[in-house]
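Peer 1: Pasting run_5.cif here (mmCIF, C-alpha atoms):
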```cif
data_structure
loop_
_atom_site.label_atom_id
_atom_site.label_comp_id
_atom_site.auth_asym_id
_atom_site.auth_seq_id
_atom_site.Cartn_x
_atom_site.Cartn_y
_atom_site.Cartn_z
CA MET A 913 -140.94 -109.61 -22.64
CA LEU A 914 -137.28 -110.60 -22.64
CA ALA A 915 -136.20 -107.35 -24.32
CA ASP A 916 -138.24 -105.29 -21.84
CA SER A 917 -136.69 -107.21 -18.97
CA PHE A 918 -133.16 -106.62 -20.23
CA GLU A 919 -133.94 -102.92 -20.65
CA HIS A 920 -134.80 -102.75 -16.95
CA PHE A 921 -131.66 -104.71 -16.07
CA ARG A 922 -129.49 -102.29 -18.06
CA CYS A 923 -131.12 -99.07 -16.85
CA CYS A 924 -131.57 -100.07 -13.21
CA GLY A 925 -128.58 -102.33 -12.65
CA GLN A 926 -126.14 -100.22 -14.68
CA GLY A 927 -123.97 -103.27 -15.18
CA CYS A 928 -122.89 -103.21 -11.55
CA ARG A 929 -125.93 -104.16 -9.45
CA GLU A 930 -128.50 -106.93 -9.51
CA CYS A 931 -132.04 -106.18 -10.65
CA VAL A 932 -135.34 -108.05 -10.68
CA VAL A 933 -138.57 -108.00 -12.71
CA TYR A 934 -141.76 -110.05 -12.67
CA TRP A 935 -143.74 -111.37 -15.60
CA ALA A 936 -147.50 -111.30 -15.04
CA GLY A 937 -150.52 -112.50 -16.98
CA PRO A 938 -154.27 -113.09 -16.70
CA LEU A 939 -155.28 -115.34 -13.81
CA GLY A 940 -157.33 -117.53 -16.13
CA GLU A 941 -154.48 -118.20 -18.54
CA PRO A 942 -151.84 -120.26 -16.71
CA GLY A 943 -148.52 -120.36 -18.49
CA TYR A 944 -149.07 -117.02 -20.20
CA ALA A 945 -147.51 -113.66 -19.32
CA ASP A 946 -147.96 -110.37 -21.13
CA THR A 947 -146.52 -107.73 -18.78
CA VAL A 948 -143.13 -107.00 -17.28
CA VAL A 949 -143.29 -105.39 -13.83
CA HIS A 950 -140.25 -103.69 -12.31
CA PRO A 951 -140.62 -103.58 -8.50
CA VAL A 952 -139.38 -100.99 -6.07
CA HIS A 953 -136.26 -102.58 -4.67
CA VAL A 954 -132.80 -101.97 -3.32
CA ALA A 955 -129.82 -103.76 -4.83
CA THR A 956 -126.14 -104.37 -4.38
CA PRO A 957 -123.60 -106.10 -6.65
CA HIS A 958 -124.64 -109.39 -5.03
CA GLY A 959 -128.30 -109.15 -4.16
CA TYR A 960 -131.62 -107.34 -4.17
CA GLU A 961 -134.54 -106.90 -1.78
CA VAL A 962 -138.01 -105.83 -2.85
CA ASP A 963 -139.77 -103.10 -0.88
CA SER A 964 -142.24 -104.73 1.53
CA GLN A 965 -145.05 -102.23 0.94
CA TRP A 966 -144.63 -102.69 -2.80
CA VAL A 967 -145.12 -106.48 -2.44
CA THR A 968 -148.40 -105.95 -0.59
CA SER A 969 -149.59 -103.38 -3.12
CA PHE A 970 -148.61 -105.64 -6.03
CA PHE A 971 -150.55 -108.60 -4.63
CA LEU A 972 -153.58 -106.34 -4.08
CA ARG A 973 -153.30 -105.10 -7.66
CA LEU A 974 -153.06 -108.67 -8.98
CA HIS A 975 -156.17 -109.59 -6.96
CA ARG A 976 -158.11 -106.58 -8.18
CA ASP A 977 -157.16 -107.11 -11.82
CA ARG A 978 -157.49 -110.91 -11.71
CA ARG A 979 -153.89 -111.43 -12.75
CA ALA A 980 -150.96 -113.48 -11.44
CA ALA A 981 -147.18 -113.35 -11.43
CA ARG A 982 -145.83 -116.26 -13.48
CA LEU A 983 -142.07 -115.71 -13.37
CA GLN A 984 -139.40 -113.74 -11.60
CA ALA A 985 -136.29 -112.78 -13.53
CA HIS A 986 -133.21 -111.38 -11.88
CA THR A 987 -129.58 -110.88 -12.67
CA HIS A 988 -126.38 -112.25 -11.24
CA PRO A 989 -122.92 -110.66 -11.49
CA ARG A 990 -121.39 -113.45 -13.50
CA GLN A 991 -122.64 -117.03 -13.93
CA ALA A 992 -126.37 -117.66 -13.62
CA GLY A 993 -127.62 -120.07 -10.99
CA HIS A 994 -130.11 -120.36 -8.16
CA SER A 995 -128.68 -119.36 -4.80
CA GLN A 996 -130.06 -120.39 -1.41
CA THR A 997 -131.47 -116.89 -1.07
CA ASP A 998 -133.23 -117.29 -4.42
CA ASP A 999 -134.60 -120.65 -3.22
CA ARG A 1000 -136.01 -119.28 0.01
CA PHE A 1001 -137.24 -115.78 -0.73
CA ALA A 1002 -138.97 -115.90 -4.13
CA LEU A 1003 -142.05 -113.76 -4.64
CA VAL A 1004 -144.33 -116.77 -5.24
CA PRO A 1005 -143.17 -119.98 -3.52
CA ALA A 1006 -145.87 -122.10 -5.14
CA PRO A 1007 -145.99 -124.92 -7.72
CA GLY A 1008 -145.49 -123.79 -11.30
CA PHE A 1009 -143.78 -120.51 -10.48
CA LEU A 1010 -140.67 -119.91 -12.59
CA SER A 1011 -137.43 -118.24 -11.60
CA LEU A 1012 -135.13 -117.06 -14.39
CA VAL A 1013 -131.57 -115.94 -13.63
CA ILE A 1014 -129.62 -113.88 -16.18
CA PRO A 1015 -125.79 -113.72 -16.06
CA ASP A 1016 -123.52 -110.67 -16.24
CA TYR A 1017 -126.14 -108.30 -14.78
CA GLY A 1018 -128.11 -108.66 -18.02
CA HIS A 1019 -125.74 -106.14 -19.56
CA ALA A 1020 -125.77 -107.83 -22.97
CA VAL A 1021 -127.98 -108.51 -25.96
CA PRO A 1022 -131.33 -109.93 -24.73
CA SER A 1023 -130.96 -113.69 -24.83
CA LEU A 1024 -131.58 -116.85 -22.87
CA ASP A 1025 -128.04 -118.00 -23.64
CA ALA A 1026 -126.32 -118.95 -20.37
CA ALA A 1027 -129.50 -118.19 -18.42
CA TYR A 1028 -130.68 -120.50 -15.64
CA LEU A 1029 -134.34 -121.40 -15.16
CA ALA A 1030 -135.95 -123.17 -12.20
CA GLU A 1031 -139.57 -124.15 -11.60
CA MET A 1032 -141.12 -124.88 -8.21
CA ASN A 1033 -142.69 -128.32 -8.13
CA ALA A 1034 -145.61 -129.68 -6.08
CA GLU A 1035 -143.24 -130.64 -3.24
CA GLY A 1036 -142.05 -127.07 -2.93
CA GLU A 1037 -138.65 -127.74 -4.43
CA TRP A 1038 -136.97 -125.92 -7.28
CA ALA A 1039 -136.27 -128.04 -10.35
CA ALA A 1040 -134.01 -126.91 -13.19
CA ARG A 1041 -135.61 -126.39 -16.60
CA GLU A 1042 -134.07 -125.69 -19.97
CA PRO A 1043 -134.90 -122.01 -20.58
CA THR A 1044 -135.24 -122.27 -24.34
CA ASP A 1045 -137.61 -125.22 -24.00
CA ALA A 1046 -139.76 -123.79 -21.22
CA LEU A 1047 -140.04 -120.18 -22.39
CA ALA A 1048 -141.46 -119.01 -25.71
CA VAL A 1049 -140.21 -115.43 -25.75
CA MET B 733 -195.18 -130.99 23.87
CA GLY B 734 -191.99 -132.56 22.67
CA ASP B 735 -188.61 -132.08 24.21
CA THR B 736 -186.83 -128.86 23.42
CA LEU B 737 -183.70 -129.39 21.42
CA GLN B 738 -181.00 -127.17 22.74
CA THR B 739 -178.02 -126.37 20.58
CA GLN B 740 -174.85 -124.45 21.07
CA THR B 741 -174.07 -122.11 18.24
CA VAL B 742 -170.42 -121.91 17.30
CA THR B 743 -169.83 -118.67 15.50
CA LYS B 744 -167.42 -118.88 12.60
CA ASP B 745 -166.56 -115.78 10.66
CA THR B 746 -164.76 -115.69 7.36
CA VAL B 747 -161.90 -113.70 5.91
CA LEU B 748 -160.82 -113.43 2.30
CA VAL B 749 -157.20 -114.31 1.66
CA THR B 750 -155.45 -113.44 -1.57
CA PHE B 751 -152.21 -114.94 -2.83
CA ASN B 752 -150.72 -114.07 -6.21
CA GLY B 753 -154.07 -112.94 -7.62
CA GLN B 754 -156.10 -115.89 -6.36
CA GLU B 755 -158.67 -115.61 -3.58
CA LYS B 756 -159.94 -118.06 -0.95
CA SER B 757 -162.60 -117.59 1.70
CA LEU B 758 -161.49 -119.07 5.03
CA ALA B 759 -163.49 -119.62 8.19
CA TYR B 760 -161.96 -118.48 11.45
CA GLN B 761 -162.87 -117.90 15.06
CA PRO B 762 -161.94 -114.59 16.69
CA GLU B 763 -160.14 -116.28 19.57
CA GLU B 764 -157.92 -118.56 17.47
CA GLN B 765 -154.32 -117.68 16.74
CA VAL B 766 -153.31 -115.95 13.54
CA SER B 767 -150.91 -118.85 12.95
CA ALA B 768 -153.90 -121.22 12.64
CA ILE B 769 -155.46 -119.05 9.94
CA LEU B 770 -152.06 -118.75 8.27
CA ASN B 771 -151.66 -122.55 8.16
CA ARG B 772 -155.13 -122.97 6.67
CA ALA B 773 -154.30 -120.35 4.05
CA LEU B 774 -151.02 -122.10 3.17
CA ASP B 775 -152.88 -125.40 2.79
CA ALA B 776 -155.62 -123.78 0.71
CA PHE B 777 -153.10 -122.39 -1.76
CA GLY B 778 -150.99 -125.57 -1.83
CA ILE B 779 -147.85 -123.91 -0.48
CA GLN B 780 -145.25 -126.41 0.75
CA ALA B 781 -142.03 -124.42 0.52
CA ASN B 782 -140.66 -122.33 3.37
CA ARG B 783 -144.01 -122.08 5.11
CA HIS B 784 -142.34 -120.49 8.12
CA LEU B 785 -141.29 -117.54 5.96
CA MET B 786 -144.88 -116.71 4.99
CA SER B 787 -147.19 -114.29 6.79
CA LEU B 788 -150.57 -112.66 6.55
CA PHE B 789 -150.66 -108.92 5.91
CA THR B 790 -153.44 -106.35 6.03
CA GLU B 791 -154.31 -104.22 3.01
CA ALA B 792 -152.46 -101.39 4.76
CA GLY B 793 -149.30 -103.49 4.73
CA ALA B 794 -149.15 -104.47 8.40
CA GLU B 795 -147.86 -107.99 9.12
CA LEU B 796 -150.15 -109.89 11.49
CA PRO B 797 -148.28 -111.36 14.49
CA ASP B 798 -148.54 -115.16 14.35
CA SER B 799 -148.94 -115.60 18.09
CA SER B 800 -151.81 -113.14 18.55
CA SER B 801 -155.44 -114.09 18.42
CA ALA B 802 -157.29 -112.96 15.32
CA GLU B 803 -159.34 -110.61 17.46
CA ALA B 804 -156.30 -109.10 19.17
CA ALA B 805 -154.61 -108.66 15.79
CA GLY B 806 -157.60 -106.64 14.64
CA VAL B 807 -158.92 -109.14 12.10
CA THR B 808 -162.54 -108.45 11.24
CA PRO B 809 -165.09 -110.65 9.43
CA GLY B 810 -164.98 -110.20 5.68
CA GLU B 811 -161.57 -108.53 5.77
CA LEU B 812 -159.19 -109.07 2.86
CA LEU B 813 -155.79 -110.40 3.97
CA ILE B 814 -152.72 -110.85 1.83
CA LEU B 815 -150.67 -114.06 2.04
CA ARG B 816 -147.07 -113.38 1.08
CA GLN B 817 -143.46 -113.88 1.96
CA SER B 818 -142.38 -111.67 4.86
CA VAL B 819 -139.27 -110.79 2.86
CA VAL B 820 -138.77 -111.01 -0.90
CA LYS B 821 -135.16 -110.99 -2.00
CA GLY B 822 -132.51 -112.75 -4.06
CA GLY B 823 -128.88 -112.74 -4.87
#
```
As a first step, turn the structure in this file into structure tokens.
Peer 2:
Amino acid sequence: MLADSFEHFRCCGQGCRECVVYWAGPLGEPGYADTVVHPVHVATPHGYEVDSQWVTSFFLRLHRDRRAARLQAHTHPRQAGHSQTDDRFALVPAPGFLSLVIPDYGHAVPSLDAAYLAEMNAEGEWAAREPTDALAV
Amino acid sequence: MGDTLQTQTVTKDTVLVTFNGQEKSLAYQPEEQVSAILNRALDAFGIQANRHLMSLFTEAGAELPDSSSAEAAGVTPGELLILRQSVVKGG
């Protein structure tokens, strides 16, 4: 999953733009993801925005296939962290959803080193998690 | 002959709302505002964060206007609506 994600970051972001992917898994298996999904999006060196029609189609596909998005992973230009935009405009603003941020546009060997991970809690706030503890990749 | 019991029938229709693969059936009345259905959907899925940034969309991808009645917005009984962020972005 991590290697597939980094492949998208390298090919799409080209080391100069942000990129985003989603990890999805069966609805009945919380905490498990088996697919990397690369959305239609636009990106700049400092941000990305997912195509609105794609979001609707993706949620319909998840409903039809009884699957769910578990995690969003996106890149930052340099240091990884969770910006206010990341806080407010995540794909799934619901408890248990994970948001992984990869530094240096993900233009490196696939690794969780220097990555930042946040999880939304029951109060709707993002709480930092240790990526290597929370993710078995 | 006993008295006739008269009742007033309140019609409640239902819509299906999906959010991140899950599905909930929600009752609604045609004349109530979309925002009321939206709030019930947010409660049903346990969404606390940035509720004002969430909207209901049709399968065709049209965002339902919060201030319209369900009927005026074209919502029909049994319709599948999508609960999602109006905008998905990061940076």
Peer 1: Where does stretch 737-813 of chain B meet stretch 962-976 of chain A within 9 Å, residue by residue, with the nearest atom pair and distance in Å to one decimal for each, counting only C-alpha atoms, listed by chain and rising number, as CSV?
Peer 2:
```
residue,atom,partner,partner_atom,distance
B:Thr750,CA,A:His975,CA,6.7
B:Phe751,CA,A:Phe971,CA,6.8
B:Asn752,CA,A:Phe971,CA,5.7
B:Gly753,CA,A:His975,CA,4.0
B:Gln754,CA,A:His975,CA,6.3
B:Glu755,CA,A:His975,CA,7.3
B:Phe789,CA,A:Thr968,CA,7.5
B:Thr790,CA,A:Thr968,CA,8.3
B:Glu791,CA,A:Thr968,CA,7.1
B:Ala792,CA,A:Thr968,CA,8.1
B:Gly793,CA,A:Gln965,CA,5.8
B:Ala794,CA,A:Gln965,CA,8.8
```
Peer 1: Counting only C-alpha atoms, collect the residues of chain B whose closest atom lies at most 12 Å from chain A, and write them out as a PyMOL selection string.
Peer 2: chain B and resi 748-756+774-795+812-823
Peer 1: Taking the file above as input, evaluate the PyMOL selection byres ((chain A and resi 1030) around 8) and report the hits as a tab-separated table (two decimals) with C-alpha atoms, in the coordinates of the input.
Peer 2:
```
chain	number	residue	atom	x	y	z
A	994	HIS	CA	-130.11	-120.36	-8.16
A	1010	LEU	CA	-140.67	-119.91	-12.59
A	1011	SER	CA	-137.43	-118.24	-11.60
A	1012	LEU	CA	-135.13	-117.06	-14.39
A	1028	TYR	CA	-130.68	-120.50	-15.64
A	1029	LEU	CA	-134.34	-121.40	-15.16
A	1031	GLU	CA	-139.57	-124.15	-11.60
A	1032	MET	CA	-141.12	-124.88	-8.21
A	1038	TRP	CA	-136.97	-125.92	-7.28
A	1039	ALA	CA	-136.27	-128.04	-10.35
A	1040	ALA	CA	-134.01	-126.91	-13.19
A	1041	ARG	CA	-135.61	-126.39	-16.60
```
Peer 1: Can you tell me, as a PyMOL selection string, what residues are no more than 12 Å from B:Thr808 when counting all atoms listed in the file, ignoring any on the same chain fewer than 2 positions away?
Peer 2: chain B and resi 744-748+759-763+790+801-806+810-813
Peer 1: How many Å separate atom CA of A:Thr947 from atom CA of A:Met913?
Peer 2: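 According to the coordinates, atom CA of A:Thr947 and atom CA of A:Met913 are separated by 7.0 Å.
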Peer 1: Expand the PyMOL selection byres ((chain A and resi 1015-1026) around 8) into the individual residues it matches in the shown file, reporting them as an MDAnalysis selection string.
Peer 2: chainID A and resid 914:915 918 921:922 925:931 987:992 1013:1014 1027:1028 1043:1044
Peer 1: Rounded to one decimal place, report the atom CA of B:Asp798-atom CA of B:Gln765 distance in Å.
Peer 2: 6.7 Å
Peer 1: Provide the atom CA of A:Glu1042 to atom CA of A:Cys923 distance in Å, to one decimal place.
Peer 2: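 We find that atom CA of A:Glu1042 and atom CA of A:Cys923 lie 27.0 Å from each other.
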Peer 1: Work out where the centre of an axis-aligned box around every listed atom of stretch 794-810 of chain B lies and how long its edges are once 4 Å is added on each side; give both in Å to one decimal as lines of an AutoDock Vina configuration file.
Peer 2:
```
center_x = -156.5
center_y = -110.0
center_z = 12.4
size_x = 25.2
size_y = 19.1
size_z = 21.5
```
